[in-house]
2 protein chains.
Amino acid sequence: MTSQKAIFYHAGCPVCQEAEKMITNYLNCPVEVVHLGQNRQRIDEARRFGVQSVPALVVDSAVYHINYGAGLNDI
Amino acid sequence: MTSQKAIFYHAGCPVCQEAEKMITNYLNCPVEVVHLGQNRQRIDEARRFGVQSVPALVVDSAVYHINYGAGLNDI
């Protein structure tokens with residue numbers, strides 16, 4: 001992952017949608033939006049980044065959990 | 001608060017500093033950075049926005065708690 005791309009992991013829940021709105025409106029770098037419920041094969045990738053719950057933003061190899069929608073184990 | 005200004009509340013902790021880096025680098029709107037430990041008179045303002053812990057970002061009247069550094073009551 002380069003420093004100029006962010007990945008936003010979510011699961012479609014209301015908390016995720018609210019966070020996605022902010023991320024989409026206000027982040028100034030390209031963001032890949034990944035619905036982990038619909039892309040379960042990427043759950044392990046998220047876990048490797050350190051994601052523990054969604055919604056979460058990964059950028060510059062750092063994980064930012066934004067509020068709390070669901071734990072990765074509950075998806 | 002207009003929709004074009006964000007407020008980032010923090011308390012100087014490592015988790016806050018990490019989140020501030022992301023906010024400062026990647027948010028495309030003006031951000032007011034408020035250190036609540038050094039501006040304790042603004043703790044009530046943060047609470048009214050719904051902030052429960054820091055670091056937190058308030059934008060468009062919504063609160064985004066970013067990871068967890070400290071509860072407002074512990075500042």
# chains A, B, ... in the order shown; residues from 1 in each chain; ligands from 1
$ interface_residues --of "chain A" --to "chain B" --cutoff "12 Å" --atoms "only C-alpha atoms" --output "ChimeraX atom specification"
/A:3-6,15-16,18-31,50-69
$ write_last_selection --atoms "N, CA, C and O atoms" --output "short mmCIF file (atom, residue, chain, number, x, y, z; two decimals), in the first residue's frame"
data_model
loop_
_atom_site.label_atom_id
_atom_site.label_comp_id
_atom_site.auth_asym_id
_atom_site.auth_seq_id
_atom_site.Cartn_x
_atom_site.Cartn_y
_atom_site.Cartn_z
N SER A 3 1.43 5.46 0.30
CA SER A 3 0.93 6.43 1.27
C SER A 3 -0.21 7.24 0.69
O SER A 3 -0.81 8.05 1.37
N GLN A 4 -0.50 7.03 -0.59
CA GLN A 4 -1.52 7.88 -1.20
C GLN A 4 -2.84 7.17 -1.43
O GLN A 4 -3.70 7.66 -2.10
N LYS A 5 -2.96 5.99 -0.89
CA LYS A 5 -4.23 5.29 -1.03
C LYS A 5 -4.72 4.83 0.33
O LYS A 5 -3.94 4.31 1.14
N ALA A 6 -5.99 5.03 0.57
CA ALA A 6 -6.57 4.59 1.83
C ALA A 6 -7.58 3.49 1.53
O ALA A 6 -8.12 3.40 0.44
N VAL A 15 -23.71 2.82 11.38
CA VAL A 15 -22.49 3.49 11.84
C VAL A 15 -21.47 3.56 10.70
O VAL A 15 -20.78 4.56 10.50
N CYS A 16 -21.40 2.47 9.93
CA CYS A 16 -20.48 2.43 8.78
C CYS A 16 -20.87 3.46 7.73
O CYS A 16 -20.03 4.14 7.15
N GLU A 18 -22.52 6.24 8.09
CA GLU A 18 -22.23 7.59 8.58
C GLU A 18 -20.74 7.90 8.41
O GLU A 18 -20.36 8.98 7.95
N ALA A 19 -19.90 6.94 8.75
CA ALA A 19 -18.46 7.15 8.62
C ALA A 19 -18.05 7.24 7.15
O ALA A 19 -17.19 8.05 6.78
N GLU A 20 -18.68 6.44 6.32
CA GLU A 20 -18.34 6.45 4.89
C GLU A 20 -18.64 7.81 4.28
O GLU A 20 -17.89 8.30 3.44
N LYS A 21 -19.74 8.42 4.74
CA LYS A 21 -20.11 9.75 4.25
C LYS A 21 -18.98 10.74 4.52
O LYS A 21 -18.57 11.50 3.64
N MET A 22 -18.48 10.71 5.73
CA MET A 22 -17.41 11.63 6.11
C MET A 22 -16.15 11.34 5.30
O MET A 22 -15.52 12.24 4.73
N ILE A 23 -15.78 10.07 5.23
CA ILE A 23 -14.57 9.67 4.51
C ILE A 23 -14.66 10.08 3.04
O ILE A 23 -13.73 10.65 2.47
N THR A 24 -15.80 9.83 2.44
CA THR A 24 -15.98 10.13 1.02
C THR A 24 -15.97 11.64 0.78
O THR A 24 -15.41 12.12 -0.20
N ASN A 25 -16.59 12.38 1.70
CA ASN A 25 -16.68 13.83 1.50
C ASN A 25 -15.38 14.57 1.80
O ASN A 25 -15.09 15.58 1.19
N TYR A 26 -14.63 14.09 2.76
CA TYR A 26 -13.57 14.93 3.31
C TYR A 26 -12.15 14.41 3.17
O TYR A 26 -11.21 15.11 3.48
N LEU A 27 -11.99 13.16 2.72
CA LEU A 27 -10.61 12.70 2.55
C LEU A 27 -10.07 13.15 1.20
O LEU A 27 -10.75 13.06 0.18
N ASN A 28 -8.83 13.60 1.23
CA ASN A 28 -8.26 14.17 0.00
C ASN A 28 -7.36 13.18 -0.75
O ASN A 28 -6.57 13.59 -1.59
N CYS A 29 -7.47 11.90 -0.42
CA CYS A 29 -6.70 10.90 -1.18
C CYS A 29 -7.68 9.83 -1.67
O CYS A 29 -8.78 9.71 -1.15
N PRO A 30 -7.28 9.07 -2.68
CA PRO A 30 -8.18 8.02 -3.18
C PRO A 30 -8.49 7.01 -2.09
O PRO A 30 -7.60 6.61 -1.34
N VAL A 31 -9.74 6.63 -2.00
CA VAL A 31 -10.15 5.68 -0.98
C VAL A 31 -10.83 4.48 -1.64
O VAL A 31 -11.77 4.65 -2.42
N GLY A 50 -4.55 -4.88 11.12
CA GLY A 50 -4.82 -4.52 12.50
C GLY A 50 -6.25 -4.11 12.75
O GLY A 50 -6.60 -3.68 13.85
N VAL A 51 -7.09 -4.24 11.73
CA VAL A 51 -8.50 -3.87 11.89
C VAL A 51 -9.16 -4.84 12.86
O VAL A 51 -9.04 -6.06 12.71
N GLN A 52 -9.84 -4.31 13.86
CA GLN A 52 -10.54 -5.15 14.84
C GLN A 52 -12.05 -4.99 14.72
O GLN A 52 -12.81 -5.86 15.13
N SER A 53 -12.48 -3.85 14.21
CA SER A 53 -13.91 -3.59 14.07
C SER A 53 -14.11 -2.68 12.87
O SER A 53 -13.17 -2.08 12.35
N VAL A 54 -15.36 -2.62 12.41
CA VAL A 54 -15.70 -1.69 11.33
C VAL A 54 -16.69 -0.66 11.87
O VAL A 54 -17.41 -0.96 12.82
N PRO A 55 -16.73 0.51 11.30
CA PRO A 55 -15.91 1.00 10.20
C PRO A 55 -14.47 1.28 10.62
O PRO A 55 -14.23 1.66 11.77
N ALA A 56 -13.55 1.09 9.68
CA ALA A 56 -12.15 1.37 9.95
C ALA A 56 -11.48 1.87 8.68
O ALA A 56 -11.81 1.43 7.58
N LEU A 57 -10.55 2.78 8.88
CA LEU A 57 -9.80 3.34 7.77
C LEU A 57 -8.34 2.93 7.93
O LEU A 57 -7.77 3.08 9.02
N VAL A 58 -7.75 2.39 6.87
CA VAL A 58 -6.32 2.08 6.89
C VAL A 58 -5.62 3.03 5.94
O VAL A 58 -5.98 3.11 4.76
N VAL A 59 -4.67 3.76 6.47
CA VAL A 59 -3.90 4.68 5.63
C VAL A 59 -2.51 4.81 6.21
O VAL A 59 -2.34 4.85 7.43
N ASP A 60 -1.51 4.83 5.35
CA ASP A 60 -0.12 4.88 5.80
C ASP A 60 0.18 3.76 6.80
O ASP A 60 0.88 3.98 7.80
N SER A 61 -0.38 2.59 6.55
CA SER A 61 -0.16 1.42 7.41
C SER A 61 -0.71 1.59 8.82
O SER A 61 -0.43 0.77 9.70
N ALA A 62 -1.48 2.61 9.06
CA ALA A 62 -2.08 2.79 10.39
C ALA A 62 -3.58 2.53 10.30
O ALA A 62 -4.20 2.77 9.26
N VAL A 63 -4.13 2.01 11.37
CA VAL A 63 -5.56 1.72 11.41
C VAL A 63 -6.29 2.74 12.27
O VAL A 63 -5.87 3.01 13.40
N TYR A 64 -7.35 3.27 11.73
CA TYR A 64 -8.18 4.20 12.48
C TYR A 64 -9.58 3.61 12.57
O TYR A 64 -10.32 3.59 11.59
N HIS A 65 -9.92 3.10 13.75
CA HIS A 65 -11.28 2.63 13.98
C HIS A 65 -12.15 3.86 14.22
O HIS A 65 -11.82 4.67 15.09
N ILE A 66 -13.20 3.98 13.46
CA ILE A 66 -14.05 5.18 13.52
C ILE A 66 -15.39 4.78 14.12
O ILE A 66 -16.17 4.07 13.50
N ASN A 67 -15.64 5.23 15.35
CA ASN A 67 -16.81 4.78 16.09
C ASN A 67 -16.81 3.24 16.09
O ASN A 67 -15.78 2.61 15.87
N TYR A 68 -17.96 2.65 16.38
CA TYR A 68 -17.98 1.19 16.45
C TYR A 68 -19.27 0.67 15.84
O TYR A 68 -20.36 0.98 16.31
N GLY A 69 -19.13 -0.10 14.79
CA GLY A 69 -20.30 -0.70 14.16
C GLY A 69 -20.41 -2.16 14.50
O GLY A 69 -21.42 -2.62 15.04
#
$ select_by_dssp --residues "segment 15-66 of chain B" --states "strand (DSSP E)" --output "PyMOL selection string"
chain B and resi 31-35+53-59+62-66
$ calpha_fit_and_write --fixed "chain B" --moving "chain A" --output "PDB file with N, CA and C atoms, in the first residue's frame"
ATOM      1  N   MET A   1     -21.654  25.776  13.685  1.00  0.00           N
ATOM      2  CA  MET A   1     -20.599  25.168  12.870  1.00  0.00           C
ATOM      3  C   MET A   1     -21.089  24.962  11.439  1.00  0.00           C
ATOM      4  N   THR A   2     -20.325  25.409  10.482  1.00  0.00           N
ATOM      5  CA  THR A   2     -20.706  25.183   9.093  1.00  0.00           C
ATOM      6  C   THR A   2     -20.259  23.787   8.669  1.00  0.00           C
ATOM      7  N   SER A   3     -20.676  23.412   7.493  1.00  0.00           N
ATOM      8  CA  SER A   3     -20.312  22.085   7.020  1.00  0.00           C
ATOM      9  C   SER A   3     -18.875  22.058   6.517  1.00  0.00           C
ATOM     10  N   GLN A   4     -18.234  23.222   6.489  1.00  0.00           N
ATOM     11  CA  GLN A   4     -16.897  23.245   5.904  1.00  0.00           C
ATOM     12  C   GLN A   4     -15.795  23.371   6.933  1.00  0.00           C
ATOM     13  N   LYS A   5     -16.148  23.244   8.190  1.00  0.00           N
ATOM     14  CA  LYS A   5     -15.116  23.291   9.215  1.00  0.00           C
ATOM     15  C   LYS A   5     -15.242  22.088  10.126  1.00  0.00           C
ATOM     16  N   ALA A   6     -14.115  21.499  10.429  1.00  0.00           N
ATOM     17  CA  ALA A   6     -14.109  20.356  11.327  1.00  0.00           C
ATOM     18  C   ALA A   6     -13.366  20.747  12.595  1.00  0.00           C
ATOM     19  N   ILE A   7     -13.713  20.098  13.690  1.00  0.00           N
ATOM     20  CA  ILE A   7     -12.973  20.302  14.935  1.00  0.00           C
ATOM     21  C   ILE A   7     -12.415  18.955  15.375  1.00  0.00           C
ATOM     22  N   PHE A   8     -11.129  18.934  15.634  1.00  0.00           N
ATOM     23  CA  PHE A   8     -10.474  17.726  16.108  1.00  0.00           C
ATOM     24  C   PHE A   8     -10.110  17.934  17.573  1.00  0.00           C
ATOM     25  N   TYR A   9     -10.749  17.159  18.453  1.00  0.00           N
ATOM     26  CA  TYR A   9     -10.468  17.247  19.880  1.00  0.00           C
ATOM     27  C   TYR A   9      -9.470  16.158  20.268  1.00  0.00           C
ATOM     28  N   HIS A  10      -8.494  16.531  21.038  1.00  0.00           N
ATOM     29  CA  HIS A  10      -7.526  15.529  21.474  1.00  0.00           C
ATOM     30  C   HIS A  10      -6.974  15.918  22.844  1.00  0.00           C
ATOM     31  N   ALA A  11      -6.069  15.065  23.351  1.00  0.00           N
ATOM     32  CA  ALA A  11      -5.500  15.352  24.657  1.00  0.00           C
ATOM     33  C   ALA A  11      -3.990  15.121  24.672  1.00  0.00           C
ATOM     34  N   GLY A  12      -3.398  15.088  23.497  1.00  0.00           N
ATOM     35  CA  GLY A  12      -1.948  14.998  23.419  1.00  0.00           C
ATOM     36  C   GLY A  12      -1.365  13.611  23.593  1.00  0.00           C
ATOM     37  N   CYS A  13      -2.201  12.623  23.803  1.00  0.00           N
ATOM     38  CA  CYS A  13      -1.706  11.257  24.022  1.00  0.00           C
ATOM     39  C   CYS A  13      -1.210  10.665  22.698  1.00  0.00           C
ATOM     40  N   PRO A  14      -0.462   9.555  22.753  1.00  0.00           N
ATOM     41  CA  PRO A  14       0.066   8.952  21.526  1.00  0.00           C
ATOM     42  C   PRO A  14      -1.031   8.591  20.517  1.00  0.00           C
ATOM     43  N   VAL A  15      -2.142   8.060  21.001  1.00  0.00           N
ATOM     44  CA  VAL A  15      -3.241   7.718  20.093  1.00  0.00           C
ATOM     45  C   VAL A  15      -3.771   8.985  19.411  1.00  0.00           C
ATOM     46  N   CYS A  16      -3.839  10.065  20.189  1.00  0.00           N
ATOM     47  CA  CYS A  16      -4.302  11.349  19.638  1.00  0.00           C
ATOM     48  C   CYS A  16      -3.342  11.865  18.578  1.00  0.00           C
ATOM     49  N   GLN A  17      -2.044  11.744  18.855  1.00  0.00           N
ATOM     50  CA  GLN A  17      -1.054  12.258  17.913  1.00  0.00           C
ATOM     51  C   GLN A  17      -1.104  11.508  16.593  1.00  0.00           C
ATOM     52  N   GLU A  18      -1.284  10.200  16.682  1.00  0.00           N
ATOM     53  CA  GLU A  18      -1.385   9.372  15.475  1.00  0.00           C
ATOM     54  C   GLU A  18      -2.611   9.789  14.657  1.00  0.00           C
ATOM     55  N   ALA A  19      -3.729  10.006  15.335  1.00  0.00           N
ATOM     56  CA  ALA A  19      -4.940  10.407  14.627  1.00  0.00           C
ATOM     57  C   ALA A  19      -4.803  11.813  14.054  1.00  0.00           C
ATOM     58  N   GLU A  20      -4.143  12.683  14.790  1.00  0.00           N
ATOM     59  CA  GLU A  20      -3.969  14.061  14.312  1.00  0.00           C
ATOM     60  C   GLU A  20      -3.160  14.088  13.025  1.00  0.00           C
ATOM     61  N   LYS A  21      -2.168  13.197  12.947  1.00  0.00           N
ATOM     62  CA  LYS A  21      -1.342  13.107  11.737  1.00  0.00           C
ATOM     63  C   LYS A  21      -2.221  12.807  10.529  1.00  0.00           C
ATOM     64  N   MET A  22      -3.091  11.835  10.688  1.00  0.00           N
ATOM     65  CA  MET A  22      -3.971  11.447   9.586  1.00  0.00           C
ATOM     66  C   MET A  22      -4.918  12.588   9.234  1.00  0.00           C
ATOM     67  N   ILE A  23      -5.536  13.165  10.249  1.00  0.00           N
ATOM     68  CA  ILE A  23      -6.494  14.253  10.035  1.00  0.00           C
ATOM     69  C   ILE A  23      -5.820  15.430   9.325  1.00  0.00           C
ATOM     70  N   THR A  24      -4.645  15.784   9.791  1.00  0.00           N
ATOM     71  CA  THR A  24      -3.933  16.924   9.223  1.00  0.00           C
ATOM     72  C   THR A  24      -3.493  16.647   7.789  1.00  0.00           C
ATOM     73  N   ASN A  25      -3.056  15.407   7.543  1.00  0.00           N
ATOM     74  CA  ASN A  25      -2.551  15.083   6.207  1.00  0.00           C
ATOM     75  C   ASN A  25      -3.653  14.883   5.180  1.00  0.00           C
ATOM     76  N   TYR A  26      -4.782  14.349   5.602  1.00  0.00           N
ATOM     77  CA  TYR A  26      -5.723  13.829   4.617  1.00  0.00           C
ATOM     78  C   TYR A  26      -7.092  14.479   4.585  1.00  0.00           C
ATOM     79  N   LEU A  27      -7.396  15.350   5.555  1.00  0.00           N
ATOM     80  CA  LEU A  27      -8.707  15.991   5.477  1.00  0.00           C
ATOM     81  C   LEU A  27      -8.639  17.203   4.553  1.00  0.00           C
ATOM     82  N   ASN A  28      -9.665  17.331   3.732  1.00  0.00           N
ATOM     83  CA  ASN A  28      -9.635  18.395   2.727  1.00  0.00           C
ATOM     84  C   ASN A  28     -10.439  19.628   3.140  1.00  0.00           C
ATOM     85  N   CYS A  29     -10.764  19.730   4.423  1.00  0.00           N
ATOM     86  CA  CYS A  29     -11.452  20.945   4.889  1.00  0.00           C
ATOM     87  C   CYS A  29     -10.661  21.512   6.071  1.00  0.00           C
ATOM     88  N   PRO A  30     -10.868  22.779   6.385  1.00  0.00           N
ATOM     89  CA  PRO A  30     -10.141  23.372   7.513  1.00  0.00           C
ATOM     90  C   PRO A  30     -10.471  22.638   8.809  1.00  0.00           C
ATOM     91  N   VAL A  31      -9.450  22.373   9.588  1.00  0.00           N
ATOM     92  CA  VAL A  31      -9.648  21.664  10.847  1.00  0.00           C
ATOM     93  C   VAL A  31      -9.103  22.503  11.996  1.00  0.00           C
ATOM     94  N   GLU A  32      -9.941  22.739  12.970  1.00  0.00           N
ATOM     95  CA  GLU A  32      -9.471  23.381  14.201  1.00  0.00           C
ATOM     96  C   GLU A  32      -9.022  22.277  15.148  1.00  0.00           C
ATOM     97  N   VAL A  33      -7.797  22.345  15.603  1.00  0.00           N
ATOM     98  CA  VAL A  33      -7.265  21.322  16.501  1.00  0.00           C
ATOM     99  C   VAL A  33      -7.337  21.853  17.930  1.00  0.00           C
ATOM    100  N   VAL A  34      -8.040  21.147  18.786  1.00  0.00           N
ATOM    101  CA  VAL A  34      -8.270  21.601  20.163  1.00  0.00           C
ATOM    102  C   VAL A  34      -7.706  20.579  21.150  1.00  0.00           C
ATOM    103  N   HIS A  35      -6.709  20.995  21.913  1.00  0.00           N
ATOM    104  CA  HIS A  35      -6.138  20.154  22.972  1.00  0.00           C
ATOM    105  C   HIS A  35      -6.972  20.392  24.230  1.00  0.00           C
ATOM    106  N   LEU A  36      -7.774  19.429  24.593  1.00  0.00           N
ATOM    107  CA  LEU A  36      -8.705  19.640  25.704  1.00  0.00           C
ATOM    108  C   LEU A  36      -8.002  19.695  27.058  1.00  0.00           C
ATOM    109  N   GLY A  37      -6.816  19.091  27.140  1.00  0.00           N
ATOM    110  CA  GLY A  37      -6.060  19.198  28.385  1.00  0.00           C
ATOM    111  C   GLY A  37      -5.583  20.627  28.616  1.00  0.00           C
ATOM    112  N   GLN A  38      -5.290  21.304  27.525  1.00  0.00           N
ATOM    113  CA  GLN A  38      -4.814  22.689  27.616  1.00  0.00           C
ATOM    114  C   GLN A  38      -5.942  23.701  27.465  1.00  0.00           C
ATOM    115  N   ASN A  39      -7.127  23.225  27.091  1.00  0.00           N
ATOM    116  CA  ASN A  39      -8.298  24.092  26.941  1.00  0.00           C
ATOM    117  C   ASN A  39      -9.491  23.431  27.617  1.00  0.00           C
ATOM    118  N   ARG A  40      -9.363  23.273  28.909  1.00  0.00           N
ATOM    119  CA  ARG A  40     -10.373  22.519  29.646  1.00  0.00           C
ATOM    120  C   ARG A  40     -11.739  23.200  29.583  1.00  0.00           C
ATOM    121  N   GLN A  41     -11.747  24.498  29.336  1.00  0.00           N
ATOM    122  CA  GLN A  41     -13.029  25.189  29.242  1.00  0.00           C
ATOM    123  C   GLN A  41     -13.822  24.761  28.018  1.00  0.00           C
ATOM    124  N   ARG A  42     -13.205  24.016  27.120  1.00  0.00           N
ATOM    125  CA  ARG A  42     -13.938  23.546  25.933  1.00  0.00           C
ATOM    126  C   ARG A  42     -14.409  22.102  26.057  1.00  0.00           C
ATOM    127  N   ILE A  43     -14.146  21.487  27.203  1.00  0.00           N
ATOM    128  CA  ILE A  43     -14.593  20.106  27.389  1.00  0.00           C
ATOM    129  C   ILE A  43     -16.122  20.017  27.299  1.00  0.00           C
ATOM    130  N   ASP A  44     -16.805  20.993  27.897  1.00  0.00           N
ATOM    131  CA  ASP A  44     -18.270  20.967  27.840  1.00  0.00           C
ATOM    132  C   ASP A  44     -18.787  21.124  26.415  1.00  0.00           C
ATOM    133  N   GLU A  45     -18.124  21.963  25.644  1.00  0.00           N
ATOM    134  CA  GLU A  45     -18.496  22.132  24.229  1.00  0.00           C
ATOM    135  C   GLU A  45     -18.367  20.795  23.497  1.00  0.00           C
ATOM    136  N   ALA A  46     -17.256  20.101  23.732  1.00  0.00           N
ATOM    137  CA  ALA A  46     -17.055  18.801  23.086  1.00  0.00           C
ATOM    138  C   ALA A  46     -18.155  17.825  23.495  1.00  0.00           C
ATOM    139  N   ARG A  47     -18.467  17.848  24.785  1.00  0.00           N
ATOM    140  CA  ARG A  47     -19.502  16.948  25.304  1.00  0.00           C
ATOM    141  C   ARG A  47     -20.846  17.237  24.632  1.00  0.00           C
ATOM    142  N   ARG A  48     -21.137  18.516  24.427  1.00  0.00           N
ATOM    143  CA  ARG A  48     -22.413  18.871  23.783  1.00  0.00           C
ATOM    144  C   ARG A  48     -22.480  18.338  22.348  1.00  0.00           C
ATOM    145  N   PHE A  49     -21.342  18.246  21.682  1.00  0.00           N
ATOM    146  CA  PHE A  49     -21.329  17.671  20.329  1.00  0.00           C
ATOM    147  C   PHE A  49     -21.530  16.157  20.367  1.00  0.00           C
ATOM    148  N   GLY A  50     -21.359  15.574  21.557  1.00  0.00           N
ATOM    149  CA  GLY A  50     -21.495  14.129  21.661  1.00  0.00           C
ATOM    150  C   GLY A  50     -20.176  13.409  21.823  1.00  0.00           C
ATOM    151  N   VAL A  51     -19.101  14.182  21.968  1.00  0.00           N
ATOM    152  CA  VAL A  51     -17.783  13.568  22.143  1.00  0.00           C
ATOM    153  C   VAL A  51     -17.737  12.847  23.490  1.00  0.00           C
ATOM    154  N   GLN A  52     -17.323  11.594  23.482  1.00  0.00           N
ATOM    155  CA  GLN A  52     -17.217  10.812  24.713  1.00  0.00           C
ATOM    156  C   GLN A  52     -15.770  10.494  25.047  1.00  0.00           C
ATOM    157  N   SER A  53     -14.931  10.473  24.019  1.00  0.00           N
ATOM    158  CA  SER A  53     -13.517  10.167  24.231  1.00  0.00           C
ATOM    159  C   SER A  53     -12.711  10.897  23.178  1.00  0.00           C
ATOM    160  N   VAL A  54     -11.408  10.991  23.419  1.00  0.00           N
ATOM    161  CA  VAL A  54     -10.507  11.573  22.421  1.00  0.00           C
ATOM    162  C   VAL A  54      -9.539  10.498  21.952  1.00  0.00           C
ATOM    163  N   PRO A  55      -9.024  10.617  20.753  1.00  0.00           N
ATOM    164  CA  PRO A  55      -9.283  11.658  19.771  1.00  0.00           C
ATOM    165  C   PRO A  55     -10.666  11.531  19.136  1.00  0.00           C
ATOM    166  N   ALA A  56     -11.234  12.676  18.775  1.00  0.00           N
ATOM    167  CA  ALA A  56     -12.531  12.682  18.116  1.00  0.00           C
ATOM    168  C   ALA A  56     -12.598  13.835  17.126  1.00  0.00           C
ATOM    169  N   LEU A  57     -13.289  13.568  16.042  1.00  0.00           N
ATOM    170  CA  LEU A  57     -13.471  14.581  15.005  1.00  0.00           C
ATOM    171  C   LEU A  57     -14.949  14.925  14.929  1.00  0.00           C
ATOM    172  N   VAL A  58     -15.263  16.218  14.963  1.00  0.00           N
ATOM    173  CA  VAL A  58     -16.644  16.649  14.778  1.00  0.00           C
ATOM    174  C   VAL A  58     -16.734  17.367  13.442  1.00  0.00           C
ATOM    175  N   VAL A  59     -17.596  16.874  12.592  1.00  0.00           N
ATOM    176  CA  VAL A  59     -17.792  17.521  11.292  1.00  0.00           C
ATOM    177  C   VAL A  59     -19.222  17.290  10.850  1.00  0.00           C
ATOM    178  N   ASP A  60     -19.838  18.309  10.289  1.00  0.00           N
ATOM    179  CA  ASP A  60     -21.247  18.224   9.888  1.00  0.00           C
ATOM    180  C   ASP A  60     -22.120  17.765  11.054  1.00  0.00           C
ATOM    181  N   SER A  61     -21.817  18.249  12.246  1.00  0.00           N
ATOM    182  CA  SER A  61     -22.593  17.911  13.448  1.00  0.00           C
ATOM    183  C   SER A  61     -22.517  16.439  13.829  1.00  0.00           C
ATOM    184  N   ALA A  62     -21.651  15.683  13.210  1.00  0.00           N
ATOM    185  CA  ALA A  62     -21.505  14.274  13.572  1.00  0.00           C
ATOM    186  C   ALA A  62     -20.170  14.075  14.286  1.00  0.00           C
ATOM    187  N   VAL A  63     -20.154  13.137  15.206  1.00  0.00           N
ATOM    188  CA  VAL A  63     -18.938  12.851  15.963  1.00  0.00           C
ATOM    189  C   VAL A  63     -18.315  11.552  15.488  1.00  0.00           C
ATOM    190  N   TYR A  64     -17.037  11.600  15.221  1.00  0.00           N
ATOM    191  CA  TYR A  64     -16.308  10.399  14.837  1.00  0.00           C
ATOM    192  C   TYR A  64     -15.211  10.171  15.863  1.00  0.00           C
ATOM    193  N   HIS A  65     -15.417   9.185  16.734  1.00  0.00           N
ATOM    194  CA  HIS A  65     -14.372   8.806  17.671  1.00  0.00           C
ATOM    195  C   HIS A  65     -13.364   7.961  16.902  1.00  0.00           C
ATOM    196  N   ILE A  66     -12.118   8.358  16.950  1.00  0.00           N
ATOM    197  CA  ILE A  66     -11.081   7.689  16.162  1.00  0.00           C
ATOM    198  C   ILE A  66     -10.156   6.947  17.111  1.00  0.00           C
ATOM    199  N   ASN A  67     -10.227   5.622  17.092  1.00  0.00           N
ATOM    200  CA  ASN A  67      -9.517   4.810  18.074  1.00  0.00           C
ATOM    201  C   ASN A  67      -9.889   5.321  19.473  1.00  0.00           C
ATOM    202  N   TYR A  68      -9.089   4.974  20.464  1.00  0.00           N
ATOM    203  CA  TYR A  68      -9.443   5.393  21.820  1.00  0.00           C
ATOM    204  C   TYR A  68      -8.197   5.810  22.573  1.00  0.00           C
ATOM    205  N   GLY A  69      -8.161   7.060  22.967  1.00  0.00           N
ATOM    206  CA  GLY A  69      -7.030   7.548  23.750  1.00  0.00           C
ATOM    207  C   GLY A  69      -7.394   7.696  25.207  1.00  0.00           C
ATOM    208  N   ALA A  70      -8.462   8.473  25.465  1.00  0.00           N
ATOM    209  CA  ALA A  70      -8.900   8.713  26.840  1.00  0.00           C
ATOM    210  C   ALA A  70     -10.367   9.156  26.839  1.00  0.00           C
ATOM    211  N   GLY A  71     -11.053   8.815  27.898  1.00  0.00           N
ATOM    212  CA  GLY A  71     -12.418   9.295  28.055  1.00  0.00           C
ATOM    213  C   GLY A  71     -12.422  10.761  28.468  1.00  0.00           C
ATOM    214  N   LEU A  72     -13.488  11.464  28.122  1.00  0.00           N
ATOM    215  CA  LEU A  72     -13.551  12.895  28.483  1.00  0.00           C
ATOM    216  C   LEU A  72     -13.412  13.091  29.996  1.00  0.00           C
ATOM    217  N   ASN A  73     -13.944  12.174  30.752  1.00  0.00           N
ATOM    218  CA  ASN A  73     -13.903  12.316  32.217  1.00  0.00           C
ATOM    219  C   ASN A  73     -12.486  12.133  32.772  1.00  0.00           C
ATOM    220  N   ASP A  74     -11.586  11.600  31.958  1.00  0.00           N
ATOM    221  CA  ASP A  74     -10.223  11.343  32.435  1.00  0.00           C
ATOM    222  C   ASP A  74      -9.258  12.460  32.068  1.00  0.00           C
ATOM    223  N   ILE A  75      -9.757  13.491  31.397  1.00  0.00           N
ATOM    224  CA  ILE A  75      -8.862  14.572  30.950  1.00  0.00           C
ATOM    225  C   ILE A  75      -8.685  15.602  32.059  1.00  0.00           C
TER     226      ILE A  75
END
$ select_by_dssp --residues "chain A" --states "helix (DSSP H, G or I)" --output "ChimeraX atom specification"
/A:14-26,40-49,72-74
